file model.cif (mmCIF, C-alpha atoms)
data_protein
loop_
_atom_site.label_atom_id
_atom_site.label_comp_id
_atom_site.auth_asym_id
_atom_site.auth_seq_id
_atom_site.Cartn_x
_atom_site.Cartn_y
_atom_site.Cartn_z
CA MET A 1 2.52 5.54 -23.96
CA SER A 2 2.92 9.28 -23.44
CA GLU A 3 -0.90 9.36 -23.66
CA ILE A 4 -0.84 8.26 -20.00
CA LEU A 5 0.84 11.55 -19.05
CA ARG A 6 -1.57 13.59 -21.19
CA GLN A 7 -4.52 11.99 -19.43
CA HIS A 8 -2.95 12.57 -16.04
CA ILE A 9 -2.31 16.26 -16.78
CA GLY A 10 -5.90 16.44 -18.08
CA LYS A 11 -7.21 15.47 -14.64
CA PHE A 12 -5.93 18.77 -13.26
CA VAL A 13 -5.78 21.24 -16.18
CA GLU A 14 -7.27 21.40 -19.66
CA ILE A 15 -4.52 20.72 -22.16
CA SER A 16 -5.00 20.61 -25.95
CA GLU A 17 -3.23 18.22 -28.33
CA GLU A 18 -1.05 21.11 -29.54
CA GLU A 19 -0.08 22.17 -26.03
CA PHE A 20 0.78 18.63 -25.04
CA ALA A 21 2.87 18.27 -28.20
CA ALA A 22 4.87 21.29 -27.01
CA VAL A 23 5.25 19.85 -23.49
CA LEU A 24 6.30 16.32 -24.42
CA PRO A 25 9.80 17.14 -25.79
CA TYR A 26 10.84 18.16 -22.26
CA PHE A 27 10.62 14.48 -21.31
CA ARG A 28 12.43 11.36 -22.43
CA THR A 29 11.22 7.78 -22.12
CA ALA A 30 13.36 5.08 -20.50
CA GLU A 31 13.07 1.35 -19.92
CA ILE A 32 14.39 0.35 -16.51
CA ARG A 33 15.42 -3.15 -15.51
CA LYS A 34 14.21 -4.68 -12.25
CA LYS A 35 16.50 -3.57 -9.37
CA GLU A 36 18.19 -0.94 -11.58
CA ASN A 37 19.07 2.20 -9.59
CA LEU A 38 17.97 5.58 -10.92
CA LEU A 39 19.54 7.35 -7.96
CA THR A 40 22.20 6.31 -5.45
CA GLU A 41 22.98 7.88 -2.06
CA GLY A 42 25.59 10.62 -2.45
CA GLN A 43 24.59 11.48 -6.03
CA ILE A 44 22.79 14.66 -6.98
CA CYS A 45 19.21 13.80 -7.96
CA LYS A 46 19.08 15.29 -11.46
CA SER A 47 15.61 14.13 -12.53
CA ASN A 48 11.96 13.77 -11.68
CA TYR A 49 10.39 10.42 -12.68
CA PHE A 50 6.84 9.65 -13.85
CA VAL A 51 5.88 5.97 -14.01
CA LEU A 52 4.10 4.89 -17.21
CA LYS A 53 4.30 1.18 -16.38
CA GLY A 54 5.90 -0.71 -13.52
CA CYS A 55 6.91 0.28 -10.01
CA LEU A 56 9.75 2.27 -8.45
CA ARG A 57 10.64 2.69 -4.79
CA LYS A 58 12.68 5.11 -2.75
CA PHE A 59 14.74 3.89 0.20
CA PHE A 60 17.67 4.79 2.38
CA ILE A 61 20.20 2.61 4.19
CA ASN A 62 19.50 2.99 7.89
CA LYS A 63 22.03 3.00 10.71
CA LYS A 64 21.81 -0.76 11.01
CA GLY A 65 22.78 -1.06 7.34
CA VAL A 66 19.27 -2.19 6.37
CA GLU A 67 17.27 -0.77 3.43
CA GLN A 68 14.29 1.25 4.67
CA THR A 69 11.68 1.86 1.96
CA THR A 70 9.86 5.20 2.42
CA GLU A 71 7.90 5.47 -0.82
CA PHE A 72 6.58 3.55 -3.81
CA ALA A 73 5.52 4.90 -7.20
CA ILE A 74 3.29 2.91 -9.56
CA GLU A 75 1.55 4.00 -12.78
CA THR A 76 0.89 7.80 -12.97
CA TRP A 77 2.88 8.53 -9.81
CA TRP A 78 5.80 10.92 -9.65
CA ILE A 79 8.89 10.11 -7.64
CA THR A 80 12.15 11.92 -6.92
CA ASP A 81 14.23 13.06 -3.96
CA ASN A 82 12.64 16.49 -3.71
CA ILE A 83 15.32 18.14 -1.56
CA SER A 84 18.20 16.93 -3.72
CA PHE A 85 16.24 17.68 -6.92
CA GLU A 86 15.23 21.23 -6.00
CA HIS A 87 18.55 22.33 -4.52
CA GLN A 88 20.80 20.07 -6.64
CA THR A 89 22.53 18.77 -3.52
CA LYS A 90 23.66 15.24 -2.63
CA SER A 91 20.87 12.77 -1.96
CA GLU A 92 20.42 10.58 1.13
CA PHE A 93 18.21 8.20 -0.86
CA TYR A 94 18.17 5.51 -3.52
CA ILE A 95 15.49 5.22 -6.22
CA GLN A 96 15.23 1.72 -7.66
CA ALA A 97 12.93 -0.25 -9.98
CA VAL A 98 10.86 -2.88 -8.16
CA GLU A 99 9.59 -4.24 -11.50
CA PRO A 100 10.80 -3.78 -15.09
CA SER A 101 9.42 -0.28 -15.70
CA THR A 102 8.76 2.25 -18.42
CA ILE A 103 9.13 5.80 -17.19
CA LEU A 104 9.22 9.41 -18.31
CA ILE A 105 12.22 11.40 -17.12
CA ILE A 106 12.43 15.17 -16.86
CA ASP A 107 15.70 16.77 -15.78
CA HIS A 108 15.91 19.60 -13.26
CA ASP A 109 16.70 22.34 -15.77
CA SER A 110 14.11 21.09 -18.24
CA GLN A 111 11.44 21.12 -15.55
CA GLU A 112 12.35 24.71 -14.63
CA LYS A 113 12.06 25.75 -18.31
CA LEU A 114 8.83 23.79 -18.79
CA LEU A 115 7.17 25.52 -15.84
CA LEU A 116 8.28 28.99 -16.91
CA GLN A 117 7.15 28.49 -20.48
CA HIS A 118 3.92 26.58 -19.78
CA PRO A 119 1.94 28.09 -16.88
CA LYS A 120 -0.53 25.21 -17.16
CA MET A 121 2.25 22.85 -16.13
CA GLU A 122 2.97 25.11 -13.15
CA ARG A 123 -0.66 24.55 -12.15
CA TYR A 124 -0.38 20.81 -12.80
CA PHE A 125 2.72 20.47 -10.61
CA ARG A 126 1.16 22.67 -7.91
CA PHE A 127 -1.60 20.05 -7.67
CA ILE A 128 0.92 17.17 -7.73
CA TYR A 129 2.98 18.63 -4.87
CA GLN A 130 -0.11 19.72 -2.91
CA ARG A 131 -1.52 16.17 -2.97
CA ALA A 132 1.84 14.55 -2.30
CA TYR A 133 2.30 16.87 0.69
CA ALA A 134 -1.16 16.04 2.02
CA ALA A 135 -0.43 12.30 1.67
CA ALA A 136 2.91 12.71 3.49
CA GLN A 137 1.13 14.55 6.32
CA MET A 138 -1.32 11.68 6.73
CA ARG A 139 1.60 9.23 6.67
CA ILE A 140 3.17 11.18 9.57
CA LYS A 141 -0.14 11.03 11.46
CA TYR A 142 -0.29 7.25 10.97
CA LEU A 143 3.33 6.81 12.05
CA PHE A 144 2.38 8.45 15.36
CA ASP A 145 -1.10 7.04 15.81
CA TYR A 146 -1.17 3.53 14.39
CA SER A 147 0.44 0.42 15.76
CA LYS A 148 2.33 -1.53 13.10
CA GLU A 149 -0.54 -4.00 12.90
CA GLU A 150 -3.14 -1.23 12.44
CA PHE A 151 -0.97 0.40 9.77
CA TYR A 152 -0.82 -2.89 7.88
CA HIS A 153 -4.60 -3.37 8.01
CA SER A 154 -5.26 0.21 6.94
CA PHE A 155 -2.79 -0.05 4.07
CA ASN A 156 -4.15 -3.43 3.06
CA SER A 157 -7.74 -2.21 2.89
CA SER A 158 -6.78 1.04 1.07
CA TYR A 159 -4.50 -0.58 -1.53
CA PRO A 160 -5.36 -4.30 -1.78
CA ASP A 161 -4.05 -4.69 -5.37
CA PHE A 162 -0.82 -2.95 -4.52
CA VAL A 163 -0.28 -5.17 -1.46
CA GLN A 164 -0.69 -8.23 -3.71
CA ARG A 165 1.61 -6.81 -6.37
CA ILE A 166 4.81 -5.92 -4.54
CA PRO A 167 7.34 -8.31 -2.99
CA GLN A 168 6.47 -8.94 0.63
CA TYR A 169 9.91 -8.05 2.02
CA LEU A 170 9.54 -4.57 0.46
CA LEU A 171 6.05 -4.14 1.87
CA ALA A 172 7.44 -5.15 5.28
CA SER A 173 10.21 -2.55 4.95
CA PHE A 174 7.73 0.18 3.99
CA LEU A 175 5.52 -0.66 6.96
CA GLY A 176 8.50 -0.78 9.32
CA PHE A 177 8.16 -4.54 9.92
CA THR A 178 10.53 -7.44 9.69
CA PRO A 179 9.45 -9.84 6.90
CA GLU A 180 8.85 -12.46 9.64
CA TYR A 181 6.39 -10.18 11.48
CA LEU A 182 4.48 -9.47 8.25
CA SER A 183 4.28 -13.19 7.55
CA GLU A 184 2.93 -13.78 11.09
CA LEU A 185 0.29 -11.06 10.61
CA ARG A 186 -0.84 -12.56 7.31
CA ASN A 187 -1.12 -16.05 8.78
CA LYS A 188 -3.09 -14.68 11.73
CA ASN A 189 -5.56 -13.04 9.34
CA ARG A 190 -5.99 -16.19 7.29
CA SER A 191 -6.78 -18.35 10.29
CA MET B 1 2.14 43.73 8.23
CA SER B 2 1.06 42.43 4.82
CA GLU B 3 4.55 43.50 3.70
CA ILE B 4 5.72 40.20 5.27
CA LEU B 5 3.67 38.26 2.71
CA ARG B 6 4.90 40.45 -0.17
CA GLN B 7 8.51 39.76 0.81
CA HIS B 8 7.81 36.04 1.12
CA ILE B 9 6.18 35.87 -2.32
CA GLY B 10 9.16 37.90 -3.64
CA LYS B 11 11.52 35.10 -2.59
CA PHE B 12 9.95 32.84 -5.22
CA VAL B 13 8.47 35.10 -7.93
CA GLU B 14 8.89 38.72 -8.95
CA ILE B 15 5.81 40.61 -7.90
CA SER B 16 5.25 44.35 -8.44
CA GLU B 17 3.51 46.70 -6.00
CA GLU B 18 0.49 46.79 -8.35
CA GLU B 19 0.28 43.01 -8.63
CA PHE B 20 0.55 42.57 -4.87
CA ALA B 21 -2.18 45.20 -4.40
CA ALA B 22 -4.42 43.01 -6.59
CA VAL B 23 -3.51 39.85 -4.63
CA LEU B 24 -3.95 41.21 -1.11
CA PRO B 25 -7.79 41.56 -1.14
CA TYR B 26 -8.05 37.76 -1.34
CA PHE B 27 -6.74 37.62 2.24
CA ARG B 28 -8.05 38.90 5.54
CA THR B 29 -6.01 39.59 8.67
CA ALA B 30 -6.98 38.10 12.03
CA GLU B 31 -5.72 38.35 15.60
CA ILE B 32 -5.81 34.99 17.37
CA ARG B 33 -5.71 34.50 21.12
CA LYS B 34 -3.36 31.98 22.71
CA LYS B 35 -5.00 28.50 22.65
CA GLU B 36 -7.77 29.69 20.29
CA ASN B 37 -8.75 26.96 17.80
CA LEU B 38 -8.84 27.82 14.10
CA LEU B 39 -9.91 24.29 13.23
CA THR B 40 -11.50 21.50 15.28
CA GLU B 41 -11.65 17.77 14.44
CA GLY B 42 -14.82 17.01 12.47
CA GLN B 43 -15.03 20.49 10.90
CA ILE B 44 -14.32 21.17 7.24
CA CYS B 45 -11.05 23.08 6.98
CA LYS B 46 -12.18 26.15 5.06
CA SER B 47 -8.98 28.20 5.09
CA ASN B 48 -5.25 28.27 4.58
CA TYR B 49 -3.28 30.25 7.20
CA PHE B 50 -0.11 32.32 6.84
CA VAL B 51 1.57 33.42 10.08
CA LEU B 52 2.62 37.09 10.20
CA LYS B 53 3.48 37.00 13.90
CA GLY B 54 3.20 34.27 16.51
CA CYS B 55 2.95 30.51 16.33
CA LEU B 56 0.26 27.98 15.40
CA ARG B 57 0.33 24.21 15.72
CA LYS B 58 -1.58 21.31 14.22
CA PHE B 59 -2.44 18.29 16.35
CA PHE B 60 -4.80 15.35 16.59
CA ILE B 61 -6.20 13.48 19.57
CA ASN B 62 -4.63 10.03 19.51
CA LYS B 63 -6.26 6.78 20.57
CA LYS B 64 -5.12 7.28 24.15
CA GLY B 65 -6.94 10.63 24.20
CA VAL B 66 -3.67 12.58 24.18
CA GLU B 67 -2.90 15.55 21.90
CA GLN B 68 -0.22 14.63 19.35
CA THR B 69 1.35 17.70 17.70
CA THR B 70 2.42 17.01 14.10
CA GLU B 71 3.33 20.49 12.87
CA PHE B 72 4.20 24.02 13.96
CA ALA B 73 3.98 27.22 11.91
CA ILE B 74 5.88 30.37 12.90
CA GLU B 75 6.39 33.62 10.97
CA THR B 76 6.11 33.20 7.14
CA TRP B 77 4.94 29.59 7.38
CA TRP B 78 1.70 28.31 5.92
CA ILE B 79 -0.47 25.84 7.81
CA THR B 80 -3.73 24.07 7.04
CA ASP B 81 -5.14 20.54 6.91
CA ASN B 82 -4.36 19.98 3.23
CA ILE B 83 -6.66 17.01 2.67
CA SER B 84 -9.66 18.65 4.30
CA PHE B 85 -8.85 21.99 2.64
CA GLU B 86 -8.46 20.64 -0.91
CA HIS B 87 -11.42 18.27 -0.86
CA GLN B 88 -13.58 20.22 1.62
CA THR B 89 -14.07 17.11 3.73
CA LYS B 90 -14.10 16.71 7.51
CA SER B 91 -10.76 17.19 9.22
CA GLU B 92 -9.02 14.79 11.61
CA PHE B 93 -6.94 17.65 13.02
CA TYR B 94 -7.02 20.73 15.22
CA ILE B 95 -5.17 23.96 14.42
CA GLN B 96 -4.53 26.10 17.49
CA ALA B 97 -2.56 29.21 18.43
CA VAL B 98 0.46 28.46 20.64
CA GLU B 99 1.05 32.21 21.14
CA PRO B 100 -1.14 35.28 20.55
CA SER B 101 -0.79 35.46 16.76
CA THR B 102 -1.47 37.72 13.79
CA ILE B 103 -2.29 35.75 10.67
CA LEU B 104 -3.49 36.09 7.11
CA ILE B 105 -6.43 33.88 6.17
CA ILE B 106 -7.40 32.82 2.66
CA ASP B 107 -10.55 30.75 2.14
CA HIS B 108 -10.69 27.72 -0.14
CA ASP B 109 -12.73 29.40 -2.90
CA SER B 110 -10.68 32.60 -2.73
CA GLN B 111 -7.46 30.62 -3.11
CA GLU B 112 -8.88 28.83 -6.16
CA LYS B 113 -9.81 32.20 -7.73
CA LEU B 114 -6.50 33.78 -6.79
CA LEU B 115 -4.53 30.99 -8.49
CA LEU B 116 -6.65 31.07 -11.65
CA GLN B 117 -6.42 34.84 -11.97
CA HIS B 118 -2.79 35.28 -10.92
CA PRO B 119 -0.50 32.65 -12.48
CA LYS B 120 2.39 34.05 -10.44
CA MET B 121 0.60 32.90 -7.30
CA GLU B 122 0.22 29.45 -8.85
CA ARG B 123 4.02 29.42 -9.17
CA TYR B 124 4.42 30.72 -5.59
CA PHE B 125 2.17 28.01 -4.15
CA ARG B 126 3.87 25.36 -6.31
CA PHE B 127 7.13 26.27 -4.51
CA ILE B 128 5.40 26.33 -1.10
CA TYR B 129 3.91 22.86 -1.55
CA GLN B 130 7.08 21.45 -3.14
CA ARG B 131 9.17 22.54 -0.15
CA ALA B 132 6.59 21.47 2.39
CA TYR B 133 6.43 18.06 0.71
CA ALA B 134 10.22 17.74 0.75
CA ALA B 135 10.29 18.64 4.46
CA ALA B 136 7.56 16.07 5.21
CA GLN B 137 9.56 13.41 3.36
CA MET B 138 12.62 14.14 5.50
CA ARG B 139 10.42 14.03 8.61
CA ILE B 140 9.29 10.53 7.57
CA LYS B 141 12.92 9.48 7.08
CA TYR B 142 13.79 10.75 10.58
CA LEU B 143 10.78 8.98 12.12
CA PHE B 144 12.18 5.72 10.74
CA ASP B 145 15.88 6.35 11.22
CA TYR B 146 16.36 8.41 14.37
CA SER B 147 15.92 7.35 17.93
CA LYS B 148 13.87 9.83 19.95
CA GLU B 149 17.06 11.17 21.51
CA GLU B 150 18.74 11.65 18.11
CA PHE B 151 15.63 13.38 16.77
CA TYR B 152 15.71 15.80 19.71
CA HIS B 153 19.41 16.63 19.18
CA SER B 154 18.94 17.09 15.43
CA PHE B 155 15.91 19.32 15.95
CA ASN B 156 17.67 21.28 18.70
CA SER B 157 20.69 22.00 16.53
CA SER B 158 18.61 22.87 13.44
CA TYR B 159 16.11 25.14 15.25
CA PRO B 160 17.69 26.33 18.54
CA ASP B 161 15.59 29.53 18.76
CA PHE B 162 12.39 27.65 18.08
CA VAL B 163 13.21 25.06 20.76
CA GLN B 164 13.69 27.90 23.26
CA ARG B 165 10.50 29.63 22.18
CA ILE B 166 7.79 26.98 22.42
CA PRO B 167 6.37 25.39 25.58
CA GLN B 168 8.31 22.26 26.45
CA TYR B 169 5.24 19.99 26.70
CA LEU B 170 4.39 20.87 23.07
CA LEU B 171 7.94 20.23 21.93
CA ALA B 172 7.79 16.87 23.71
CA SER B 173 4.52 16.04 21.93
CA PHE B 174 5.97 16.99 18.52
CA LEU B 175 9.04 14.82 19.12
CA GLY B 176 6.90 11.91 20.37
CA PHE B 177 8.23 12.17 23.95
CA THR B 178 6.61 12.41 27.31
CA PRO B 179 7.40 15.79 28.94
CA GLU B 180 9.28 13.84 31.63
CA TYR B 181 11.57 12.20 29.07
CA LEU B 182 12.34 15.56 27.44
CA SER B 183 13.18 17.01 30.85
CA GLU B 184 15.54 14.06 31.52
CA LEU B 185 17.26 14.57 28.16
CA ARG B 186 17.78 18.27 28.85
CA ASN B 187 19.21 17.60 32.30
CA LYS B 188 21.54 14.96 30.87
CA ASN B 189 22.85 17.48 28.35
CA ARG B 190 23.43 20.13 30.97
CA SER B 191 25.46 17.87 33.20
#
call {"tool": "encode", "arguments": {"input": "model.cif", "output": "structure tokens"}}
result
Amino acid sequence: MSEILRQHIGKFVEISEEEFAAVLPYFRTAEIRKKENLLTEGQICKSNYFVLKGCLRKFFINKKGVEQTTEFAIETWWITDNISFEHQTKSEFYIQAVEPSTILIIDHDSQEKLLLQHPKMERYFRFIYQRAYAAAQMRIKYLFDYSKEEFYHSFNSSYPDFVQRIPQYLLASFLGFTPEYLSELRNKNRS
Amino acid sequence: MSEILRQHIGKFVEISEEEFAAVLPYFRTAEIRKKENLLTEGQICKSNYFVLKGCLRKFFINKKGVEQTTEFAIETWWITDNISFEHQTKSEFYIQAVEPSTILIIDHDSQEKLLLQHPKMERYFRFIYQRAYAAAQMRIKYLFDYSKEEFYHSFNSSYPDFVQRIPQYLLASFLGFTPEYLSELRNKNRS
């Protein structure tokens, strides 16, 4: 399954079989059970995760004690708590499997070594962070500009398969809804 | 003033005088008047901006026709519309000078060439985007978790000089307040 990572790197930089063979040992593969936590609030986030199959999410426990999902990662997406990962400080987030998942894991120190020894991977990760940053900036724009209903419709038309795939209470959390409000919206659209 | 950029690059990668002399011609310096627009909605964002002196902001016009500030950039901060810049598509944002500013400008094609010819700059920009992404992720967390009043207090204690420096109606816009509400909050804190 590591072929999925090679193809993903290949979208951004040319990488030969030999080069990829040198890159791969920096990663390890893991099978994650549904609802298994990869990171818990208060821990140091030691790793960066690349989804080969399945779905992870990041959330925090808000002041009301409710889980607030801020991010999902499906196939070929990276996920970590970037602040905790870069500075090796305690995390304010959880990272949890939404589905049984197969992932690649790279630890903080391994990623540092990988980037120093393989400049192509520096370029690859520059693209990854640049795009992730751009997406987060648009998310901030939507949080200011869209009503909850508009956000749902926009998300639904951009990612219809994803909206079908994930549990509805998690989608509601990501969109900032109660599950009841999401259910109302869906019924309104069907009628 | 280009020394400011050399020092900033030096925080992330070792760069010699000779290397920096080869990097600098990719940039041009510009003096921007207060309220001058570097980018207007509907334009393609051709450049990435590094602030040497002064302050820029990014905003969009929301559905009510009101300017919503999403980002500021002061000394040593980068600012651009990343989606429009990377894909050379039309922007949904404005970038405008809050103060008379001195900036370095690098165009899209120049940045591409710079990164291909100077792998150290690839590493530098990887750090820039990684940190910017991490900051945007925390911003998203705060937008979900903080009341407007809590967001103001957190921002005020993290960036007291900045809060003093920028016009209060822009700070209000960034925090998602009306100027009147910000004024109320400040009076409450004084009393």
call {"tool": "resolve_selection", "arguments": {"input": "model.cif", "expression": "the PyMOL selection byres ((chain B and resi 172) around 12)", "output": "number ranges by chain"}}
result
B: 67-70, 148-149, 151-152, 155-156, 163, 166-171, 173-186
call {"tool": "residues_around", "arguments": {"input": "model.cif", "residues": "Ile15 (chain A)", "least_positions_apart": "5", "cutoff": "8 Å", "atoms": "all atoms listed in the file", "output": "MDAnalysis selection string"}}
result
chainID A and resid 6 9:10 20 120
call {"tool": "resolve_selection", "arguments": {"input": "model.cif", "expression": "the PyMOL selection byres ((chain B and resi 61) around 10)", "output": "count of residues only"}}
result
15
call {"tool": "residues_around", "arguments": {"input": "model.cif", "residues": "Cys55 (chain B)", "least_positions_apart": "2", "cutoff": "8 Å", "atoms": "only C-alpha atoms", "output": "short mmCIF file (atom, residue, chain, number, x, y, z; two decimals) with C-alpha atoms, in the frame of the given file"}}
result
data_model
loop_
_atom_site.label_atom_id
_atom_site.label_comp_id
_atom_site.auth_asym_id
_atom_site.auth_seq_id
_atom_site.Cartn_x
_atom_site.Cartn_y
_atom_site.Cartn_z
CA VAL B 51 1.57 33.42 10.08
CA LYS B 53 3.48 37.00 13.90
CA ARG B 57 0.33 24.21 15.72
CA PHE B 72 4.20 24.02 13.96
CA ALA B 73 3.98 27.22 11.91
CA ILE B 74 5.88 30.37 12.90
CA GLU B 75 6.39 33.62 10.97
CA ALA B 97 -2.56 29.21 18.43
CA VAL B 98 0.46 28.46 20.64
CA GLU B 99 1.05 32.21 21.14
CA PRO B 100 -1.14 35.28 20.55
CA SER B 101 -0.79 35.46 16.76
#
call {"tool": "residues_around", "arguments": {"input": "model.cif", "residues": "Ala135 (chain B)", "least_positions_apart": "5", "cutoff": "10 Å", "atoms": "only C-alpha atoms", "output": "list in words"}}
result
Asn82, Ile83, Tyr133 and Ala136 of chain A; Tyr129, Gln130, Ile140 and Lys141 of chain B
call {"tool": "atom_distance", "arguments": {"input": "model.cif", "atom1": "CA of Ile79 (chain A)", "atom2": "CA of Leu56 (chain A)"}}
result
7.9 Å
call {"tool": "atom_distance", "arguments": {"input": "model.cif", "atom1": "CA of Ile106 (chain A)", "atom2": "CA of Lys11 (chain B)"}}
result
24.5 Å
call {"tool": "residues_around", "arguments": {"input": "model.cif", "residues": "Lys90 (chain A)", "least_positions_apart": "3", "cutoff": "8 Å", "atoms": "only C-alpha atoms", "output": "mmCIF file with C-alpha atoms, keeping the file's coordinate frame"}}
result
data_model
loop_
_atom_site.group_PDB
_atom_site.id
_atom_site.type_symbol
_atom_site.label_atom_id
_atom_site.label_comp_id
_atom_site.auth_asym_id
_atom_site.auth_seq_id
_atom_site.Cartn_x
_atom_site.Cartn_y
_atom_site.Cartn_z
ATOM 1 C CA GLU A 41 22.980 7.880 -2.060
ATOM 2 C CA GLY A 42 25.590 10.620 -2.450
ATOM 3 C CA GLN A 43 24.590 11.480 -6.030
ATOM 4 C CA ILE A 44 22.790 14.660 -6.980
ATOM 5 C CA CYS A 45 19.210 13.800 -7.960
ATOM 6 C CA SER A 84 18.200 16.930 -3.720
#
call {"tool": "closest_residue", "arguments": {"input": "model.cif", "among": "B:Ala21, B:Leu5, B:Leu104, B:Val13", "to": "Ser47 (chain B)", "atoms": "all atoms listed in the file"}}
result
B:Leu104
call {"tool": "atom_distance", "arguments": {"input": "model.cif", "atom1": "CA of Lys46 (chain B)", "atom2": "CA of Leu24 (chain B)"}}
result
18.2 Å
call {"tool": "resolve_selection", "arguments": {"input": "model.cif", "expression": "the PyMOL selection byres ((chain B and resi 117) around 12)", "output": "list of chain:residue names"}}
result
A:Pro119, A:Arg123, B:Glu19, B:Ala22, B:Val23, B:Tyr26, B:Ser110, B:Gln111, B:Glu112, B:Lys113, B:Leu114, B:Leu115, B:Leu116, B:His118, B:Pro119, B:Lys120, B:Met121, B:Glu122
call {"tool": "closest_residue", "arguments": {"input": "model.cif", "among": "B:Phe27, B:Phe12, B:Phe162, B:Phe144", "to": "chain A", "atoms": "only C-alpha atoms"}}
result
B:Phe144
call {"tool": "closest_residue", "arguments": {"input": "model.cif", "among": "B:Leu143, B:Ala134, B:Leu38, B:Ile105", "to": "Leu52 (chain B)", "atoms": "all atoms listed in the file"}}
result
B:Ile105
call {"tool": "build_atoms", "arguments": {"input": "model.cif", "residues": "region 164-178 of chain A", "atoms": "N, CA, C and O atoms", "output": "short mmCIF file (atom, residue, chain, number, x, y, z; two decimals), in the frame of the given file"}}
result
data_model
loop_
_atom_site.label_atom_id
_atom_site.label_comp_id
_atom_site.auth_asym_id
_atom_site.auth_seq_id
_atom_site.Cartn_x
_atom_site.Cartn_y
_atom_site.Cartn_z
N GLN A 164 -0.89 -6.96 -3.01
CA GLN A 164 -0.69 -8.23 -3.71
C GLN A 164 0.48 -8.16 -4.68
O GLN A 164 1.17 -9.16 -4.91
N ARG A 165 0.69 -6.97 -5.24
CA ARG A 165 1.61 -6.81 -6.37
C ARG A 165 3.08 -6.79 -5.97
O ARG A 165 3.93 -7.32 -6.67
N ILE A 166 3.39 -6.13 -4.84
CA ILE A 166 4.81 -5.92 -4.54
C ILE A 166 5.38 -7.03 -3.65
O ILE A 166 4.67 -7.66 -2.88
N PRO A 167 6.70 -7.27 -3.80
CA PRO A 167 7.34 -8.31 -2.99
C PRO A 167 7.11 -8.04 -1.49
O PRO A 167 7.15 -6.88 -1.05
N GLN A 168 6.86 -9.09 -0.77
CA GLN A 168 6.47 -8.94 0.63
C GLN A 168 7.57 -8.35 1.52
O GLN A 168 7.29 -7.62 2.46
N TYR A 169 8.84 -8.61 1.18
CA TYR A 169 9.91 -8.05 2.02
C TYR A 169 10.00 -6.53 1.85
O TYR A 169 10.39 -5.82 2.77
N LEU A 170 9.57 -6.03 0.66
CA LEU A 170 9.54 -4.57 0.46
C LEU A 170 8.36 -3.94 1.17
O LEU A 170 8.47 -2.85 1.75
N LEU A 171 7.22 -4.63 1.14
CA LEU A 171 6.05 -4.14 1.87
C LEU A 171 6.39 -4.07 3.37
O LEU A 171 6.08 -3.08 4.04
N ALA A 172 7.05 -5.11 3.87
CA ALA A 172 7.44 -5.15 5.28
C ALA A 172 8.34 -3.95 5.61
O ALA A 172 8.13 -3.27 6.61
N SER A 173 9.29 -3.67 4.73
CA SER A 173 10.21 -2.55 4.95
C SER A 173 9.46 -1.22 4.99
O SER A 173 9.67 -0.39 5.86
N PHE A 174 8.52 -1.05 4.05
CA PHE A 174 7.73 0.18 3.99
C PHE A 174 6.91 0.37 5.26
O PHE A 174 6.76 1.48 5.77
N LEU A 175 6.38 -0.74 5.77
CA LEU A 175 5.52 -0.66 6.96
C LEU A 175 6.33 -0.62 8.25
O LEU A 175 5.78 -0.43 9.33
N GLY A 176 7.65 -0.80 8.14
CA GLY A 176 8.50 -0.78 9.32
C GLY A 176 8.53 -2.11 10.05
O GLY A 176 8.81 -2.18 11.25
N PHE A 177 8.19 -3.19 9.34
CA PHE A 177 8.16 -4.54 9.92
C PHE A 177 9.44 -5.29 9.56
O PHE A 177 10.11 -4.95 8.60
N THR A 178 9.66 -6.41 10.24
CA THR A 178 10.53 -7.44 9.69
C THR A 178 9.65 -8.30 8.79
O THR A 178 8.44 -8.40 9.00
#
